[in-house]
There are 2 protein chains.
Amino acid sequence: MKIEDKKKFSEKWFEYLQDQICDCYESIEKKFGGSQKFLATKWSKSKKSEGGGNYRILKAGKVFDKVGVNKSTVSGKFSKKFRTNILGAQKDGNYWASGISVVAHMKNPKIPAMHFNTRFIVTKKSWFGGGIDLTPSFKDKKEEIYFHSKLKELCNNNRKNYNKYKIWCDKYFFLKHRNEKRGIGGIFFDYEKKNWEKDFQFVREIGIGFIELSSHIINNKIKLKYNKRDKERQYLKRGRYIEFNLLYDRGTKFGLNSGGNTEAILMSLPPKAKW
Amino acid sequence: MKIEDKKKFSEKWFEYLQDQICDCYESIEKKFGGSQKFLATKWSKSKKSEGGGNYRILKAGKVFDKVGVNKSTVSGKFSKKFRTNILGAQKDGNYWASGISVVAHMKNPKIPAMHFNTRFIVTKKSWFGGGIDLTPSFKDKKEEIYFHSKLKELCNNNRKNYNKYKIWCDKYFFLKHRNEKRGIGGIFFDYEKKNWEKDFQFVREIGIGFIELSSHIINNKIKLKYNKRDKERQYLKRGRYIEFNLLYDRGTKFGLNSGGNTEAILMSLPPKAKW
């Protein structure tokens, strides 16, 4: 397949998936008595020919304190300083990237914060990346086992190396300055470029898999009681989440360095946090 | 004066100043009906010979939501990657640094958040740096004029270039990704190394000046009424403050890259923020 077709296919998929996730989460809100809807904002880079995105945020719901579902497709030329870190961009700095990312901060502190992302990036090389991970404020061994076993299944079904992705995830979502993990991990992968068709299929399957997984976890816990102290604990955990995203996250850096929309990039930050 | 004496003098000054600031702020708390005191924590680098610090935090007061007064004296060798950015450290990476920093997040949202810092750094070169700046959640032209005129006076009395320091401050405390200033600026300076005695005197005078300035601003506004919406506005402004400190602040990066104490470095973060 030609690279232009690969771009089109992947972008359209991310668009489709954004609709499905938003529909599903609005249904969940409704099911548990909420009436909040996603508000969509379209944005373009200052050079319109370099693309833009569409971010959708649902706030102050019965289930979600805040959930953002971002989709963007951008292109351009990286600065000389930034391009040295990007595969295949060292020479001319040219890039094209499309992706979707989801961050859900839950009202009920017993439900973990959820993160999902998949992307297709084109420089002189082209590859998929992405991942799914959870950040609970409370330990729940049963949920942890369920979550990881589902991810393992998804990887195995697509002949992807679950162990490698799991270790990568733990390594990536780590707060060095506190010597602690952000959450309970999950899967993280990058530079998938051996077999476009199979990689793309995997990307699609973890997109659908994330909808199923996240819905299951929410449904399972939404009725759990919590008190003010539990909520406080969640606010502190969110403080750590913010530290990670602003100090280390590559997606945040990529966004801020590629002329992305600040509100869209920082939609990952929770509505309220404490230290 | 020998460099070892310069180190001793400056370190002792920062220690003295920490005591004075904490005493003064505890008095202010008491004056307005509070009983909270600073809690002090001493820490050392993992290599004890490389120093450490003493951070003091007062929380949940009548005047201060949170105020941290840090003093630290550390030495060591910067990593090869980090040292390229440090004056006089390119060759061997060796450094010694002592400094004090203060960040005050106020209970009354009509009072600006306040930041003060002075430091003496020794590599192959040695220099003073520091500054004072305010981050209000509400515009107050009169206060702004008072604040800047006092800083101008302090600079003029010490034959320091106020305009240069003011511009430096505006440039430094700038959120590029939002194209907005962090606050109303103040003064910021670095690499002061022409005349140690005079530079040290300036550093002492802005230390005392900060106590006077901050006390004046607090006394002036502590009785102002505010409501829940005003407090919300402060929480949002604090979100920006966090973005700056984690994305851009050099002191934070220096701390995290020199084996500093995480709690001490991140004492600058407010107790609660929103997005």
# chains A, B, ... in the order shown; residues from 1 in each chain; ligands from 1
$ select_by_dssp --residues "stretch 46-93 of chain B" --states "helix (DSSP H, G or I)" --output "list in words"
Lys48, Ser49, Glu50, Lys80, Lys81, Phe82 and Arg83 of chain B
$ select_by_dssp --residues "stretch 74-259 of chain A" --states "strand (DSSP E)" --output "PyMOL selection string"
chain A and resi 74-77+94-106+113-122+126-135+174-175+180-181+185-192
$ residues_around --residues "A:Asn94" --least-positions-apart "3" --cutoff "6 Å" --atoms "only C-alpha atoms" --output "list in words"
Gly76, Lys77 and Thr123 of chain A
$ interface_residues --of "chain A" --to "chain B" --cutoff "8 Å" --atoms "only C-alpha atoms" --output "mmCIF file with N, CA and C atoms, in the first residue's frame"
data_model
loop_
_atom_site.group_PDB
_atom_site.id
_atom_site.type_symbol
_atom_site.label_atom_id
_atom_site.label_comp_id
_atom_site.auth_asym_id
_atom_site.auth_seq_id
_atom_site.Cartn_x
_atom_site.Cartn_y
_atom_site.Cartn_z
ATOM 1 N N HIS A 177 11.742 11.110 39.696
ATOM 2 C CA HIS A 177 12.030 11.971 40.853
ATOM 3 C C HIS A 177 11.373 11.484 42.133
ATOM 4 N N ARG A 178 10.405 10.579 42.024
ATOM 5 C CA ARG A 178 9.778 10.013 43.219
ATOM 6 C C ARG A 178 10.073 8.525 43.353
ATOM 7 N N GLU A 243 2.382 15.718 37.508
ATOM 8 C CA GLU A 243 3.851 15.764 37.496
ATOM 9 C C GLU A 243 4.388 14.940 36.337
ATOM 10 N N LEU A 246 3.620 16.648 32.789
ATOM 11 C CA LEU A 246 4.337 17.879 32.463
ATOM 12 C C LEU A 246 5.856 17.691 32.493
ATOM 13 N N LEU A 247 6.346 16.823 33.347
ATOM 14 C CA LEU A 247 7.799 16.640 33.426
ATOM 15 C C LEU A 247 8.333 15.675 32.371
ATOM 16 N N LEU A 256 3.537 20.108 22.187
ATOM 17 C CA LEU A 256 3.957 21.493 22.396
ATOM 18 C C LEU A 256 5.045 21.891 21.412
ATOM 19 N N THR A 262 -2.814 23.907 22.678
ATOM 20 C CA THR A 262 -2.500 23.713 24.093
ATOM 21 C C THR A 262 -3.641 23.075 24.873
ATOM 22 N N LEU A 269 -4.849 16.704 31.718
ATOM 23 C CA LEU A 269 -4.752 17.105 33.122
ATOM 24 C C LEU A 269 -6.120 16.999 33.789
ATOM 25 N N PRO A 270 -6.136 16.527 35.018
ATOM 26 C CA PRO A 270 -7.418 16.365 35.724
ATOM 27 C C PRO A 270 -8.023 17.729 36.064
ATOM 28 N N PRO A 271 -9.330 17.761 36.355
ATOM 29 C CA PRO A 271 -9.976 19.039 36.647
ATOM 30 C C PRO A 271 -9.537 19.624 37.987
ATOM 31 N N LYS A 272 -9.025 18.786 38.865
ATOM 32 C CA LYS A 272 -8.671 19.244 40.212
ATOM 33 C C LYS A 272 -7.657 18.274 40.793
ATOM 34 N N ALA A 273 -6.626 18.845 41.447
ATOM 35 C CA ALA A 273 -5.590 17.987 42.034
ATOM 36 C C ALA A 273 -5.039 18.651 43.281
ATOM 37 N N LYS A 274 -4.385 17.857 44.096
ATOM 38 C CA LYS A 274 -3.788 18.401 45.321
ATOM 39 C C LYS A 274 -2.366 17.885 45.517
ATOM 40 N N TRP A 275 -1.627 18.632 46.330
ATOM 41 C CA TRP A 275 -0.273 18.208 46.688
ATOM 42 C C TRP A 275 -0.124 18.202 48.205
#
$ closest_residue --among "A:Gly52, A:Pro136, A:Gly209, A:Gly186" --to "A:Gln234" --atoms "only C-alpha atoms"
A:Pro136
$ atom_distance --atom1 "atom CA of A:Asn161" --atom2 "atom CA of A:Arg119"
18.4 Å
$ residues_around --residues "A:Asp65" --least-positions-apart "6" --cutoff "7 Å" --atoms "only C-alpha atoms" --output "list in words"
Lys59, His105, Met106 and Lys107 of chain A
$ write_last_selection --atoms "all heavy atoms" --output "mmCIF file, in the first residue's frame"
data_model
loop_
_atom_site.group_PDB
_atom_site.id
_atom_site.type_symbol
_atom_site.label_atom_id
_atom_site.label_comp_id
_atom_site.auth_asym_id
_atom_site.auth_seq_id
_atom_site.Cartn_x
_atom_site.Cartn_y
_atom_site.Cartn_z
ATOM 1 N N LYS A 59 -17.301 16.952 30.916
ATOM 2 C CA LYS A 59 -16.879 17.384 32.256
ATOM 3 C C LYS A 59 -18.007 17.257 33.252
ATOM 4 O O LYS A 59 -19.183 17.397 32.890
ATOM 5 C CB LYS A 59 -16.499 18.862 32.206
ATOM 6 C CG LYS A 59 -15.028 19.126 31.993
ATOM 7 C CD LYS A 59 -14.754 20.606 32.135
ATOM 8 C CE LYS A 59 -13.290 20.915 31.879
ATOM 9 N NZ LYS A 59 -13.036 22.348 31.874
ATOM 10 N N HIS A 105 -10.679 10.839 33.824
ATOM 11 C CA HIS A 105 -10.566 11.015 35.281
ATOM 12 C C HIS A 105 -11.955 10.805 35.880
ATOM 13 O O HIS A 105 -12.891 11.533 35.553
ATOM 14 C CB HIS A 105 -10.042 12.409 35.612
ATOM 15 C CG HIS A 105 -8.638 12.645 35.139
ATOM 16 N ND1 HIS A 105 -7.563 12.072 35.764
ATOM 17 C CD2 HIS A 105 -8.146 13.366 34.100
ATOM 18 C CE1 HIS A 105 -6.446 12.447 35.135
ATOM 19 N NE2 HIS A 105 -6.769 13.218 34.122
ATOM 20 N N MET A 106 -12.072 9.818 36.738
ATOM 21 C CA MET A 106 -13.371 9.354 37.183
ATOM 22 C C MET A 106 -13.861 10.098 38.420
ATOM 23 O O MET A 106 -13.071 10.527 39.257
ATOM 24 C CB MET A 106 -13.301 7.863 37.499
ATOM 25 C CG MET A 106 -12.495 7.021 36.507
ATOM 26 S SD MET A 106 -13.015 7.186 34.775
ATOM 27 C CE MET A 106 -14.675 6.539 34.892
ATOM 28 N N LYS A 107 -15.163 10.216 38.540
ATOM 29 C CA LYS A 107 -15.745 10.832 39.739
ATOM 30 C C LYS A 107 -15.544 9.918 40.950
ATOM 31 O O LYS A 107 -15.120 10.363 42.010
ATOM 32 C CB LYS A 107 -17.233 11.095 39.502
ATOM 33 C CG LYS A 107 -17.874 11.856 40.644
ATOM 34 C CD LYS A 107 -19.293 12.242 40.311
ATOM 35 C CE LYS A 107 -19.881 12.980 41.503
ATOM 36 N NZ LYS A 107 -21.321 13.163 41.364
#
$ closest_residue --among "A:Tyr146, A:Phe188, A:Tyr241, A:Trp13" --to "A:Lys166" --atoms "only C-alpha atoms"
A:Phe188
$ closest_residue --among "B:His115, B:Glu205, B:Glu212, B:Glu197" --to "B:Arg182" --atoms "only C-alpha atoms"
B:His115
$ residues_around --residues "A:Asn158" --least-positions-apart "6" --cutoff "9 Å" --atoms "only C-alpha atoms" --output "PyMOL selection string"
chain A and resi 198-199+201-202+205
